[in-house]
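Content type PDB, C-alpha atoms, from the file entry.pdb:
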ATOM      1  CA  MET A   1       1.367 -15.626  16.763
ATOM      2  CA  ALA A   2       0.055 -17.436  19.806
ATOM      3  CA  LYS A   3       3.554 -16.901  21.163
ATOM      4  CA  GLY A   4       5.798 -14.173  19.886
ATOM      5  CA  PHE A   5       5.440 -11.433  17.318
ATOM      6  CA  LEU A   6       5.308 -11.003  13.562
ATOM      7  CA  TYR A   7       5.575  -7.775  11.603
ATOM      8  CA  LEU A   8       3.596  -7.013   8.463
ATOM      9  CA  VAL A   9       4.424  -4.417   5.835
ATOM     10  CA  VAL A  10       2.098  -3.508   2.972
ATOM     11  CA  ILE A  11       2.189  -1.172   0.001
ATOM     12  CA  MET A  12      -1.165   0.360  -0.837
ATOM     13  CA  ASP A  13      -2.460   2.291  -3.831
ATOM     14  CA  TRP A  14      -4.131   5.340  -2.350
ATOM     15  CA  VAL A  15      -6.597   5.882  -5.198
ATOM     16  CA  SER A  16      -8.054   2.402  -4.999
ATOM     17  CA  ARG A  17      -6.858   1.234  -1.540
ATOM     18  CA  ALA A  18      -5.460  -1.855  -3.297
ATOM     19  CA  VAL A  19      -2.619  -3.665  -1.552
ATOM     20  CA  LEU A  20       0.092  -4.136  -4.174
ATOM     21  CA  ALA A  21       2.785  -5.905  -2.147
ATOM     22  CA  TRP A  22       3.273  -7.204   1.374
ATOM     23  CA  ARG A  23       5.710  -9.148   3.534
ATOM     24  CA  LEU A  24       5.786 -10.797   6.971
ATOM     25  CA  SER A  25       8.858 -10.929   9.197
ATOM     26  CA  ASN A  26       9.746 -12.014  12.729
ATOM     27  CA  THR A  27      12.308  -9.200  13.004
ATOM     28  CA  LEU A  28      12.134  -5.457  12.442
ATOM     29  CA  GLY A  29      15.097  -5.216  10.097
ATOM     30  CA  ALA A  30      14.930  -3.417   6.782
ATOM     31  CA  ASP A  31      15.236  -6.530   4.600
ATOM     32  CA  PHE A  32      11.566  -7.461   4.386
ATOM     33  CA  CYS A  33      10.578  -3.851   3.722
ATOM     34  CA  VAL A  34      13.088  -3.650   0.875
ATOM     35  CA  GLU A  35      11.748  -6.929  -0.552
ATOM     36  CA  ALA A  36       8.196  -5.560  -0.603
ATOM     37  CA  LEU A  37       9.419  -2.341  -2.167
ATOM     38  CA  GLU A  38      11.352  -4.177  -4.874
ATOM     39  CA  GLU A  39       8.349  -6.355  -5.701
ATOM     40  CA  ALA A  40       6.101  -3.307  -6.069
ATOM     41  CA  LEU A  41       8.627  -1.516  -8.263
ATOM     42  CA  GLU A  42       9.165  -4.569 -10.436
ATOM     43  CA  ARG A  43       5.489  -5.386 -10.899
ATOM     44  CA  TYR A  44       4.010  -1.889 -11.073
ATOM     45  CA  GLY A  45       6.799   0.466 -12.113
ATOM     46  CA  SER A  46       8.494   3.407 -10.419
ATOM     47  CA  PRO A  47       6.431   6.226  -8.900
ATOM     48  CA  GLU A  48       7.422   9.853  -9.006
ATOM     49  CA  ILE A  49       7.399  10.174  -5.210
ATOM     50  CA  PHE A  50       7.444   7.594  -2.434
ATOM     51  CA  ASN A  51       6.453   8.588   1.098
ATOM     52  CA  THR A  52       7.299   6.877   4.387
ATOM     53  CA  ASP A  53       7.454   7.712   8.040
ATOM     54  CA  GLN A  54      10.828   8.046   9.733
ATOM     55  CA  GLY A  55      11.202   4.457  10.935
ATOM     56  CA  SER A  56      14.713   3.047  10.821
ATOM     57  CA  GLN A  57      13.696   0.555   8.138
ATOM     58  CA  PHE A  58      12.818   3.380   5.764
ATOM     59  CA  THR A  59      15.741   5.653   6.537
ATOM     60  CA  SER A  60      18.209   2.798   5.995
ATOM     61  CA  ASP A  61      20.654   2.982   3.102
ATOM     62  CA  ASP A  62      19.188  -0.214   1.632
ATOM     63  CA  PHE A  63      15.690   1.208   1.454
ATOM     64  CA  THR A  64      16.486   4.746   0.377
ATOM     65  CA  GLY A  65      19.152   3.436  -1.993
ATOM     66  CA  THR A  66      16.594   1.267  -3.776
ATOM     67  CA  LEU A  67      14.370   4.284  -4.313
ATOM     68  CA  LYS A  68      17.274   6.369  -5.595
ATOM     69  CA  GLN A  69      18.316   3.631  -8.019
ATOM     70  CA  HIS A  70      14.847   3.823  -9.573
ATOM     71  CA  GLY A  71      14.856   7.617  -9.721
ATOM     72  CA  VAL A  72      12.112   7.966  -7.129
ATOM     73  CA  LEU A  73      11.855  11.082  -4.987
ATOM     74  CA  ILE A  74      11.804  10.361  -1.249
ATOM     75  CA  SER A  75       9.255  11.926   1.095
ATOM     76  CA  MET A  76       8.902  11.365   4.843
ATOM     77  CA  ASP A  77       6.254  12.344   7.364
ATOM     78  CA  GLY A  78       6.900  14.878  10.043
ATOM     79  CA  LYS A  79       6.594  14.126  13.747
ATOM     80  CA  GLY A  80       3.040  13.672  15.011
ATOM     81  CA  ARG A  81       1.438  13.397  11.580
ATOM     82  CA  CYS A  82      -1.024  10.719  12.680
ATOM     83  CA  MET A  83      -3.734  11.666  10.190
ATOM     84  CA  ASP A  84      -1.319  11.028   7.331
ATOM     85  CA  ASN A  85      -1.757   7.338   8.098
ATOM     86  CA  ILE A  86      -5.505   7.143   7.874
ATOM     87  CA  PHE A  87      -5.897   4.923   4.781
ATOM     88  CA  VAL A  88      -3.513   2.217   5.924
ATOM     89  CA  GLU A  89      -4.625   2.505   9.533
ATOM     90  CA  ARG A  90      -8.120   1.685   8.311
ATOM     91  CA  LEU A  91      -6.695  -1.369   6.572
ATOM     92  CA  TRP A  92      -5.005  -2.448   9.827
ATOM     93  CA  ARG A  93      -8.250  -2.103  11.737
ATOM     94  CA  SER A  94     -10.110  -4.305   9.272
ATOM     95  CA  LEU A  95      -7.302  -6.857   9.151
ATOM     96  CA  LYS A  96      -7.046  -7.100  12.933
ATOM     97  CA  TYR A  97     -10.755  -7.419  13.668
ATOM     98  CA  GLU A  98     -11.673  -9.601  10.704
ATOM     99  CA  GLU A  99      -8.635 -11.904  10.671
ATOM    100  CA  VAL A 100      -5.784 -11.519  13.163
ATOM    101  CA  TYR A 101      -7.747 -11.291  16.419
ATOM    102  CA  LEU A 102      -9.774 -14.344  15.449
ATOM    103  CA  HIS A 103      -6.756 -16.635  15.136
ATOM    104  CA  ALA A 104      -3.756 -17.539  17.247
ATOM    105  CA  TYR A 105      -1.383 -18.622  14.509
ATOM    106  CA  ALA A 106       0.801 -21.544  15.516
ATOM    107  CA  THR A 107       3.449 -21.010  12.832
ATOM    108  CA  VAL A 108       4.738 -18.300  10.543
ATOM    109  CA  ALA A 109       3.529 -20.325   7.550
ATOM    110  CA  GLU A 110       0.001 -20.433   8.970
ATOM    111  CA  ALA A 111       0.013 -16.686   9.599
ATOM    112  CA  LYS A 112       1.316 -15.982   6.098
ATOM    113  CA  ALA A 113      -1.320 -18.167   4.443
ATOM    114  CA  SER A 114      -4.216 -16.748   6.473
ATOM    115  CA  ILE A 115      -3.200 -13.110   6.144
ATOM    116  CA  GLY A 116      -2.494 -13.584   2.450
ATOM    117  CA  ALA A 117      -5.943 -15.072   1.906
ATOM    118  CA  TRP A 118      -7.533 -12.136   3.740
ATOM    119  CA  LEU A 119      -5.586  -9.600   1.679
ATOM    120  CA  ASP A 120      -6.739 -11.345  -1.507
ATOM    121  CA  PHE A 121     -10.317 -11.103  -0.234
ATOM    122  CA  TYR A 122      -9.747  -7.439   0.623
ATOM    123  CA  ASN A 123      -8.446  -6.640  -2.859
ATOM    124  CA  GLN A 124     -10.840  -8.753  -4.912
ATOM    125  CA  GLU A 125     -14.120  -8.981  -2.982
ATOM    126  CA  ARG A 126     -14.388  -6.515  -0.105
ATOM    127  CA  GLN A 127     -16.481  -3.530  -1.171
ATOM    128  CA  HIS A 128     -15.705  -0.019   0.066
ATOM    129  CA  GLN A 129     -18.335   2.610   0.647
ATOM    130  CA  SER A 130     -15.850   5.354  -0.254
ATOM    131  CA  LEU A 131     -15.234   3.602  -3.591
ATOM    132  CA  GLY A 132     -18.892   3.504  -4.536
ATOM    133  CA  TYR A 133     -19.240  -0.034  -3.132
ATOM    134  CA  ARG A 134     -16.639  -1.422  -5.496
ATOM    135  CA  THR A 135     -13.527  -3.379  -4.658
ATOM    136  CA  PRO A 136     -10.003  -1.920  -4.548
ATOM    137  CA  ARG A 137      -8.994  -4.034  -7.516
ATOM    138  CA  GLN A 138     -11.925  -2.783  -9.607
ATOM    139  CA  ILE A 139     -10.992   0.838  -8.967
ATOM    140  CA  TYR A 140      -7.325   0.136  -9.619
ATOM    141  CA  GLN A 141      -8.042  -1.500 -12.977
ATOM    142  CA  GLU A 142     -10.510   1.187 -14.048
ATOM    143  CA  SER A 143      -8.009   3.923 -13.258
ATOM    144  CA  LEU A 144      -5.377   2.177 -15.368
ATOM    145  CA  TRP A 145      -7.656   1.772 -18.365
ATOM    146  CA  ILE A 146      -8.434   5.479 -18.222
ATOM    147  CA  CYS A 147      -4.733   6.036 -18.887
ATOM    148  CA  GLY A 148      -4.808   3.614 -21.802
ATOM    149  CA  ARG A 149      -2.848   0.795 -20.175
ATOM    150  CA  SER A 150      -3.573  -2.807 -19.383
ATOM    151  CA  ALA A 151      -4.267  -3.636 -15.749
ATOM    152  CA  LEU A 152      -1.749  -6.474 -15.859
ATOM    153  CA  PRO A 153       1.471  -5.907 -13.901
ATOM    154  CA  THR A 154       3.478  -7.141 -16.904
ATOM    155  CA  ASP A 155       2.190  -4.176 -18.889
ATOM    156  CA  CYS A 156       3.415  -1.782 -16.238
ATOM    157  CA  ALA A 157      -0.153  -0.909 -15.371
ATOM    158  CA  SER A 158       0.708   1.077 -12.322
ATOM    159  CA  PRO A 159       0.305   4.334 -10.444
ATOM    160  CA  ALA A 160       3.835   5.010 -11.669
ATOM    161  CA  CYS A 161       2.603   4.721 -15.253
ATOM    162  CA  ARG A 162      -0.306   6.956 -14.377
ATOM    163  CA  ALA A 163       2.124   9.467 -12.919
ATOM    164  CA  SER A 164       3.957   9.569 -16.211
ATOM    165  CA  SER A 165       0.788  10.124 -18.223
ATOM    166  CA  GLU A 166      -1.183  12.265 -15.807
ATOM    167  CA  GLY A 167       1.527  14.604 -14.559
ATOM    168  CA  GLY A 168       2.672  13.118 -11.275
ATOM    169  CA  GLU A 169       1.033  10.815  -8.778
ATOM    170  CA  MET A 170       2.548   9.972  -5.448
ATOM    171  CA  LEU A 171       3.261   6.617  -3.923
ATOM    172  CA  GLU A 172       3.424   6.001  -0.239
ATOM    173  CA  PHE A 173       5.319   3.428   1.777
ATOM    174  CA  ASP A 174       5.265   3.531   5.503
ATOM    175  CA  HIS A 175       6.115   1.948   8.800
ATOM    176  CA  ILE A 176       3.145   1.469  11.058
ATOM    177  CA  PRO A 177       1.499   3.846  11.291
ATOM    178  CA  THR A 178       1.739   4.819   7.650
ATOM    179  CA  GLY A 179       2.148   8.309   6.237
ATOM    180  CA  THR A 180       0.103  10.310   3.825
ATOM    181  CA  ALA A 181       1.109  11.496   0.420
ATOM    182  CA  THR A 182      -0.388  14.600  -1.071
ATOM    183  CA  ASN A 183      -1.674  14.939  -4.609
ATOM    184  CA  HIS A 184       1.003  16.417  -6.891
ATOM    185  CA  GLY A 185      -0.643  17.134 -10.206
ATOM    186  CA  PHE A 186      -2.849  14.029 -10.460
ATOM    187  CA  ASP A 187      -6.396  15.364 -10.763
ATOM    188  CA  ILE A 188      -8.444  12.756  -8.888
ATOM    189  CA  ASP A 189     -11.678  14.704  -9.436
ATOM    190  CA  ASP A 190     -11.110  14.518 -13.166
ATOM    191  CA  VAL A 191     -10.462  10.778 -12.960
ATOM    192  CA  ASN A 192     -13.535  10.175 -10.840
ATOM    193  CA  GLY A 193     -15.579  12.239 -13.301
ATOM    194  CA  ARG A 194     -14.488   9.987 -16.122
ATOM    195  CA  LEU A 195     -15.252   6.934 -14.011
ATOM    196  CA  GLY A 196     -18.720   8.317 -13.359
ATOM    197  CA  LYS A 197     -18.490   7.249  -9.724
ATOM    198  CA  PRO A 198     -18.294   8.992  -6.342
ATOM    199  CA  ALA A 199     -15.046  10.773  -5.608
ATOM    200  CA  VAL A 200     -12.143   8.780  -4.281
ATOM    201  CA  ALA A 201      -9.742  10.227  -1.741
ATOM    202  CA  SER A 202      -6.219  11.378  -2.479
ATOM    203  CA  SER A 203      -4.035   9.667  -5.042
ATOM    204  CA  ALA A 204      -1.050   7.793  -3.693
ATOM    205  CA  ILE A 205       0.298   4.428  -2.714
ATOM    206  CA  GLY A 206       0.833   3.560   0.881
ATOM    207  CA  ALA A 207       2.667   0.928   2.754
ATOM    208  CA  ASP A 208       2.686   0.134   6.374
ATOM    209  CA  ILE A 209       4.004  -2.262   8.982
ATOM    210  CA  LYS A 210       1.798  -3.677  11.676
ATOM    211  CA  THR A 211       3.331  -4.915  14.893
ATOM    212  CA  GLY A 212       1.959  -6.667  17.938
ATOM    213  CA  ARG A 213       1.047  -9.964  19.525
ATOM    214  CA  VAL A 214      -1.713 -11.953  17.900
ATOM    215  CA  THR A 215      -4.363 -13.105  20.356
ATOM    216  CA  PRO A 216      -7.319 -15.482  19.891
TER     217      PRO A 216
END
Represent the structure contained in this file as structure tokens.
Amino acid sequence: MAKGFLYLVVIMDWVSRAVLAWRLSNTLGADFCVEALEEALERYGSPEIFNTDQGSQFTSDDFTGTLKQHGVLISMDGKGRCMDNIFVERLWRSLKYEEVYLHAYATVAEAKASIGAWLDFYNQERQHQSLGYRTPRQIYQESLWICGRSALPTDCASPACRASSEGGEMLEFDHIPTGTATNHGFDIDDVNGRLGKPAVASSAIGADIKTGRVTP
């Protein structure tokens, strides 16, 4: 904002770098994080493991309780694990320099619309060198078809579904900076071999919250 602060949380698929859910808030309570979590679980199914850092939003009963209700194992980063956040930190860098720093949003609605449009661009159009110059959404859909599922959220085309069929993939949700999830049984080299494309980094979903004043 031109005056004041907003906080952004995202949930990211770590195979494809696709942002699956996000929320903006003008407070740092747990509510908006839980809302993003619930949306991701509803649209994409329950993962085997969900990783966060140790922010108060993610250690709250509301947040951890939601994960437990869906039978999701809870993982949290240790102190000083900055490199665990690298995928989502890279997203924050792109978002800040390509969108946030270029605008001084006058209202929350304006910020939400602009950031949402950028995230759509990021998912649908922005090519990644590490993904063989394809978009996050392309990689996400291709990975789902490998597992014999539709890429539509209504068909539970999700990393959670892939975990069930491939032997266990991790999801990640995190407060800024985000944390890293390790690969538990999901053979990303095998998947990339079947895709016939360059290798993609570790398999997980990440979420993160970005804080700070928006400047022109």
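Applied to this file, the PyMOL selection byres ((chain A and resi 57) around 9) selects Leu28, Gly29, Ala30, Asp31, Cys33, Val34, Gln54, Gly55, Ser56, Phe58, Thr59, Ser60, Asp61, Asp62, Phe63 and His175 of chain A.
Of the listed residues (A:Glu42, A:Ser94, A:Thr52, A:Gln127), A:Thr52 comes nearest to A:Lys79; the distances count only C-alpha atoms.
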Please, what distance in Å, to one decimal, runs between atom CA of A:Leu102 and atom CA of A:Ile86?
-> 23.2 Å
Coordinates-based distance that separates atom CA of A:Trp92 from atom CA of A:Thr107 (Å, one decimal) = 20.6 Å
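Between atom CA of A:Asn51 and atom CA of A:Asp77 lies a distance of 7.3 Å.
Proximity of A:Leu41, A:Leu20, A:Leu144, A:Ala117 to A:Gln69, computed with only C-alpha atoms, is greatest for A:Leu41.
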With the file shown as input, list the residues that the PyMOL selection byres ((chain A and resi 137) around 6) selects, as an NGL selection string.
-> :A and (18 or 123-124 or 135-136 or 138-140)
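Selection result for the displayed file, with the PyMOL selection byres ((chain A and resi 22) around 6) as criterion, is A:Val9, A:Val10, A:Ala21, A:Arg23, A:Ala36.
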Using all atoms listed in the file, which residue out of A:His103, A:Arg43, A:Lys96, A:Arg17 lies closest to A:Leu131?
-> A:Arg17
Final N, CA and C atoms of stretch 120-141 of chain A as a short mmCIF file (atom, residue, chain, number, x, y, z; two decimals), keeping the file's coordinate frame:
data_model
loop_
_atom_site.label_atom_id
_atom_site.label_comp_id
_atom_site.auth_asym_id
_atom_site.auth_seq_id
_atom_site.Cartn_x
_atom_site.Cartn_y
_atom_site.Cartn_z
N ASP A 120 -6.13 -11.05 -0.21
CA ASP A 120 -6.74 -11.34 -1.51
C ASP A 120 -8.23 -11.02 -1.48
N PHE A 121 -8.89 -11.43 -0.40
CA PHE A 121 -10.32 -11.10 -0.23
C PHE A 121 -10.51 -9.59 -0.21
N TYR A 122 -9.65 -8.89 0.52
CA TYR A 122 -9.75 -7.44 0.62
C TYR A 122 -9.62 -6.79 -0.76
N ASN A 123 -8.67 -7.23 -1.54
CA ASN A 123 -8.45 -6.64 -2.86
C ASN A 123 -9.55 -6.98 -3.86
N GLN A 124 -9.99 -8.24 -3.84
CA GLN A 124 -10.84 -8.75 -4.91
C GLN A 124 -12.34 -8.72 -4.60
N GLU A 125 -12.71 -8.79 -3.33
CA GLU A 125 -14.12 -8.98 -2.98
C GLU A 125 -14.69 -7.95 -2.02
N ARG A 126 -13.88 -7.40 -1.16
CA ARG A 126 -14.39 -6.52 -0.10
C ARG A 126 -14.75 -5.14 -0.68
N GLN A 127 -16.02 -4.80 -0.62
CA GLN A 127 -16.48 -3.53 -1.17
C GLN A 127 -16.24 -2.39 -0.19
N HIS A 128 -15.96 -1.20 -0.75
CA HIS A 128 -15.70 -0.02 0.07
C HIS A 128 -16.76 1.04 -0.21
N GLN A 129 -17.33 1.56 0.82
CA GLN A 129 -18.34 2.61 0.65
C GLN A 129 -17.73 3.82 -0.05
N SER A 130 -16.49 4.18 0.34
CA SER A 130 -15.85 5.35 -0.25
C SER A 130 -15.48 5.15 -1.71
N LEU A 131 -15.53 3.91 -2.19
CA LEU A 131 -15.23 3.60 -3.59
C LEU A 131 -16.51 3.31 -4.38
N GLY A 132 -17.64 3.76 -3.85
CA GLY A 132 -18.89 3.50 -4.54
C GLY A 132 -19.29 2.04 -4.47
N TYR A 133 -18.93 1.38 -3.37
CA TYR A 133 -19.24 -0.03 -3.13
C TYR A 133 -18.62 -0.93 -4.20
N ARG A 134 -17.43 -0.57 -4.63
CA ARG A 134 -16.64 -1.42 -5.50
C ARG A 134 -15.40 -1.88 -4.75
N THR A 135 -14.71 -2.84 -5.32
CA THR A 135 -13.53 -3.38 -4.66
C THR A 135 -12.29 -2.56 -5.03
N PRO A 136 -11.24 -2.62 -4.20
CA PRO A 136 -10.00 -1.92 -4.55
C PRO A 136 -9.47 -2.32 -5.92
N ARG A 137 -9.53 -3.60 -6.24
CA ARG A 137 -8.99 -4.03 -7.52
C ARG A 137 -9.78 -3.47 -8.69
N GLN A 138 -11.11 -3.36 -8.54
CA GLN A 138 -11.92 -2.78 -9.61
C GLN A 138 -11.52 -1.34 -9.87
N ILE A 139 -11.36 -0.57 -8.81
CA ILE A 139 -10.99 0.84 -8.97
C ILE A 139 -9.61 0.95 -9.57
N TYR A 140 -8.70 0.10 -9.11
CA TYR A 140 -7.32 0.14 -9.62
C TYR A 140 -7.30 -0.14 -11.12
N GLN A 141 -8.02 -1.16 -11.55
CA GLN A 141 -8.04 -1.50 -12.98
C GLN A 141 -8.71 -0.42 -13.81
#
